[in-house]
$ cat run_35.cif   # mmCIF, C-alpha atoms
data_entry
#
loop_
_atom_site.label_atom_id
_atom_site.label_comp_id
_atom_site.auth_asym_id
_atom_site.auth_seq_id
_atom_site.Cartn_x
_atom_site.Cartn_y
_atom_site.Cartn_z
CA MET A 1 0.00 0.00 0.00
CA ASN A 2 1.35 3.40 -1.02
CA PRO A 3 0.64 6.30 1.44
CA ALA A 4 1.58 8.98 -1.13
CA PRO A 5 -1.83 9.11 -2.95
CA ALA A 6 -3.70 9.65 0.37
CA LYS A 7 -1.34 12.47 1.33
CA GLN A 8 -1.65 13.99 -2.16
CA SER A 9 -5.46 13.79 -1.91
CA LYS A 10 -5.39 15.60 1.46
CA VAL A 11 -3.19 18.40 0.07
CA THR A 12 -5.50 18.78 -2.94
CA LYS A 13 -8.58 19.06 -0.70
CA GLU A 14 -6.87 21.72 1.44
CA ARG A 15 -5.98 23.71 -1.68
CA ILE A 16 -9.54 23.49 -2.97
CA ILE A 17 -10.94 24.68 0.38
CA ALA A 18 -8.44 27.56 0.51
CA PHE A 19 -9.33 28.53 -3.07
CA VAL A 20 -13.07 28.49 -2.28
CA ILE A 21 -12.58 30.64 0.83
CA TRP A 22 -10.39 33.06 -1.15
CA GLY A 23 -13.13 33.26 -3.82
CA ILE A 24 -15.85 34.01 -1.27
CA VAL A 25 -13.78 36.73 0.42
CA THR A 26 -12.93 38.28 -2.96
CA ALA A 27 -16.61 38.25 -3.99
CA MET A 28 -17.65 39.93 -0.71
CA ILE A 29 -15.05 42.67 -1.18
CA ALA A 30 -16.18 43.21 -4.78
CA ILE A 31 -19.83 43.50 -3.73
CA ASN A 32 -18.94 46.09 -1.07
CA VAL A 33 -16.90 48.11 -3.58
CA VAL A 34 -19.79 48.07 -6.07
CA ASN A 35 -22.22 49.21 -3.35
CA LEU A 36 -19.89 52.05 -2.35
CA VAL A 37 -19.57 53.21 -5.95
CA ARG A 38 -23.34 53.08 -6.48
CA SER A 39 -23.91 55.18 -3.36
CA ASN A 40 -21.18 57.73 -4.16
CA GLY A 41 -19.13 56.35 -1.29
CA SER A 42 -21.42 57.58 1.46
CA GLY A 43 -24.58 55.52 1.19
CA GLN A 44 -26.51 58.74 1.64
CA ILE A 45 -28.61 60.92 -0.62
CA GLU A 46 -28.30 64.21 1.26
CA GLY A 47 -28.65 67.27 -0.97
CA SER A 48 -30.66 65.53 -3.68
CA LEU A 49 -34.38 65.62 -4.39
CA ALA A 50 -36.16 63.20 -2.07
CA PRO A 51 -37.49 60.17 -3.92
CA ASN A 52 -41.29 60.14 -3.78
CA PHE A 53 -43.05 57.04 -2.53
CA GLY A 54 -46.58 55.90 -1.82
CA LEU A 55 -47.24 53.47 1.03
CA PRO A 56 -50.39 52.27 2.79
CA GLU A 57 -51.14 53.93 6.10
CA LEU A 58 -51.55 51.35 8.87
CA GLU A 59 -54.92 52.41 10.28
CA SER A 60 -56.81 53.61 7.20
CA GLY A 61 -55.11 51.66 4.42
CA ARG A 62 -55.08 54.81 2.26
CA THR A 63 -51.95 55.46 0.23
CA VAL A 64 -49.79 58.22 1.69
CA LYS A 65 -47.24 59.86 -0.59
CA LEU A 66 -44.24 61.88 0.48
CA SER A 67 -45.31 64.52 -2.04
CA ASP A 68 -48.52 65.03 0.00
CA TYR A 69 -46.39 66.97 2.49
CA GLN A 70 -44.57 69.35 0.15
CA GLY A 71 -44.00 72.64 1.96
CA LYS A 72 -43.36 70.92 5.30
CA VAL A 73 -40.30 69.42 6.88
CA VAL A 74 -40.82 65.65 6.81
CA LEU A 75 -39.05 63.34 9.21
CA ILE A 76 -39.12 59.76 7.90
CA ASP A 77 -38.27 57.07 10.45
CA PHE A 78 -37.51 53.60 9.04
CA TRP A 79 -37.95 51.09 11.86
CA ALA A 80 -39.14 47.60 12.87
CA THR A 81 -40.90 46.20 15.93
CA TRP A 82 -38.09 43.70 16.59
CA CYS A 83 -35.36 46.38 16.62
CA PRO A 84 -34.26 47.50 20.15
CA PRO A 85 -32.65 50.79 18.98
CA CYS A 86 -35.84 51.59 17.04
CA ARG A 87 -37.94 51.06 20.16
CA LYS A 88 -35.54 53.27 22.14
CA GLN A 89 -35.87 56.15 19.65
CA MET A 90 -39.64 56.16 19.15
CA PRO A 91 -40.50 58.03 22.39
CA ALA A 92 -38.34 60.95 21.15
CA LEU A 93 -40.37 61.03 17.93
CA GLN A 94 -43.61 60.99 19.93
CA GLU A 95 -42.27 63.84 22.06
CA LEU A 96 -41.63 65.90 18.90
CA LEU A 97 -45.09 65.12 17.60
CA LEU A 98 -46.65 66.47 20.80
CA ASP A 99 -44.38 69.53 21.03
CA ALA A 100 -46.35 72.36 19.38
CA SER A 101 -43.21 74.47 18.97
CA VAL A 102 -41.73 71.78 16.72
CA SER A 103 -44.72 70.00 15.22
CA ASP A 104 -46.03 73.06 13.37
CA GLY A 105 -44.68 72.67 9.85
CA LEU A 106 -43.41 69.14 10.59
CA GLN A 107 -44.76 65.79 9.42
CA ILE A 108 -43.43 62.59 10.96
CA LEU A 109 -43.81 59.48 8.82
CA SER A 110 -43.12 56.29 10.72
CA VAL A 111 -42.20 53.71 8.06
CA ASN A 112 -42.40 50.17 9.40
CA THR A 113 -40.07 47.68 7.72
CA ASP A 114 -41.23 44.47 9.42
CA GLU A 115 -41.58 41.50 7.07
CA ASN A 116 -44.71 41.81 4.94
CA LYS A 117 -46.55 38.69 6.09
CA PRO A 118 -49.98 37.85 7.57
CA GLY A 119 -50.49 39.42 10.98
CA ARG A 120 -48.07 42.30 10.40
CA ASP A 121 -50.81 44.96 10.66
CA GLN A 122 -51.93 43.61 14.03
CA LEU A 123 -48.35 43.30 15.30
CA VAL A 124 -47.47 46.89 14.38
CA SER A 125 -50.79 48.28 15.60
CA SER A 126 -50.44 46.50 18.94
CA PHE A 127 -46.83 47.72 19.30
CA LEU A 128 -47.87 51.35 18.69
CA ARG A 129 -50.85 51.17 21.03
CA THR A 130 -48.87 49.47 23.83
CA ASN A 131 -46.17 52.15 23.62
CA GLY A 132 -48.55 55.12 23.30
CA LEU A 133 -47.27 56.07 19.84
CA THR A 134 -49.61 58.08 17.62
CA MET A 135 -47.53 59.12 14.60
CA THR A 136 -48.65 58.37 11.04
CA THR A 137 -47.39 54.84 10.39
CA LEU A 138 -46.83 53.47 6.90
CA LEU A 139 -46.17 49.86 5.93
CA ASP A 140 -43.17 49.43 3.64
CA ASN A 141 -42.85 46.46 1.33
CA GLY A 142 -39.21 47.34 0.68
CA SER A 143 -39.90 49.96 -1.97
CA ALA A 144 -39.39 53.09 0.17
CA SER A 145 -36.45 51.68 2.11
CA GLY A 146 -34.89 50.75 -1.23
CA LEU A 147 -35.35 54.26 -2.61
CA TYR A 148 -33.61 55.69 0.45
CA ARG A 149 -30.84 53.06 0.49
CA VAL A 150 -31.72 52.00 4.02
CA SER A 151 -29.24 49.38 5.16
CA ARG A 152 -29.65 49.77 8.94
CA ILE A 153 -32.52 50.64 11.20
CA PRO A 154 -33.47 52.91 12.67
CA THR A 155 -32.65 55.26 9.81
CA LEU A 156 -33.92 58.83 9.87
CA VAL A 157 -34.37 60.95 6.78
CA VAL A 158 -35.25 64.64 7.10
CA VAL A 159 -36.66 66.29 3.98
CA ARG A 160 -36.78 70.08 3.67
CA PRO A 161 -39.98 71.87 2.62
CA ASP A 162 -38.57 72.23 -0.91
CA GLY A 163 -38.31 68.42 -1.21
CA VAL A 164 -34.53 68.14 -0.85
CA VAL A 165 -33.05 65.54 1.52
CA HIS A 166 -31.49 67.55 4.34
CA HIS A 167 -30.25 64.80 6.66
CA VAL A 168 -29.84 61.01 6.68
CA SER A 169 -28.48 59.02 9.61
CA SER A 170 -28.81 55.69 11.36
CA GLY A 171 -28.91 55.05 15.06
CA VAL A 172 -30.73 56.46 18.05
CA HIS A 173 -31.29 60.23 18.32
CA ASP A 174 -32.67 62.07 21.33
CA ALA A 175 -35.42 64.67 20.98
CA ASP A 176 -33.06 67.64 21.40
CA THR A 177 -30.80 66.46 18.58
CA LEU A 178 -33.85 65.94 16.38
CA ARG A 179 -35.11 69.44 17.19
CA GLN A 180 -31.78 70.88 16.01
CA ILE A 181 -31.85 68.87 12.76
CA ILE A 182 -35.45 69.94 12.09
CA ALA A 183 -34.67 73.61 12.81
CA LYS A 184 -31.74 73.50 10.36
CA ALA A 185 -34.00 71.90 7.73
CA HIS A 186 -36.46 74.79 8.09
CA GLN A 187 -33.63 77.33 7.81
CA ALA A 188 -31.98 75.65 4.80
CA ASN A 189 -35.07 76.09 2.67
#
$ encode --input "run_35.cif" --output "structure tokens"
Amino acid sequence: MNPAPAKQSKVTKERIIAFVIWGIVTAMIAINVVNLVRSNGSGQIEGSLAPNFGLPELESGRTVKLSDYQGKVVLIDFWATWCPPCRKQMPALQELLLDASVSDGLQILSVNTDENKPGRDQLVSSFLRTNGLTMTTLLDNGSASGLYRVSRIPTLVVVRPDGVVHHVSSGVHDADTLRQIIAKAHQAN
């Protein structure tokens, strides 16, 4: 019996595995480079005209379009019920909604990104009711989050009254920070 073919077979398998791993890593790097190029390196669309969308409103089912709020600052919050940072940020949005000094000339659109499956409406509605949240909530099927290149949630988009994207960021923001961003959006118009 010759042990050389078994050793040669083992070396060949190791080379194949290394080549496959190298190929996967190379493909992942290439995909990230392509995504960076497509998004101008930042992943953000600040300074450009806000893409219009139409999504069903949770309670009424009517289609709400971003263009319905032209002339107002619009704060769009992309979120999901399963997302802890999203849940942490939502009270700040509710605070803004109830603050008359901020809410005049402001529209908050809460865009839910939970998976579009049976029972979603009830899940989102129950979540909002349990947490005392009353903002206009829209149900995204991926179209709006795709237009805004949302890759993480929560993602906030602030649109100026002239329809230009003023601010895009991910993560949790407190109410005071949001007030400042909104004030700057009003001034930039």
$ resolve_selection --input "run_35.cif" --expression "the PyMOL selection byres ((chain A and resi 133) around 10)" --output "list in words"
Met90, Pro91, Leu93, Gln94, Glu95, Leu97, Ser125, Phe127, Leu128, Arg129, Thr130, Asn131, Gly132, Thr134, Met135, Thr136 and Thr137 of chain A
$ resolve_selection --input "run_35.cif" --expression "the PyMOL selection byres ((chain A and resi 62-72) around 7)" --output "count of residues only"
17
$ atom_distance --input "run_35.cif" --atom1 "CA of Leu58 in chain A" --atom2 "CA of Ser170 in chain A"
23.3 Å
$ atom_distance --input "run_35.cif" --atom1 "CA of Trp79 in chain A" --atom2 "CA of Val111 in chain A"
6.3 Å
$ closest_residue --input "run_35.cif" --among "A:Leu139, A:Ile45, A:Ala100, A:Cys86" --to "Val124 in chain A" --atoms "only C-alpha atoms"
A:Leu139
$ resolve_selection --input "run_35.cif" --expression "the PyMOL selection byres ((chain A and resi 83-85) around 10)" --output "VMD selection string"
chain A and resid 79 to 82 86 to 90 114 153 to 154 170 to 173
$ atom_distance --input "run_35.cif" --atom1 "CA of His186 in chain A" --atom2 "CA of Ser110 in chain A"
19.8 Å
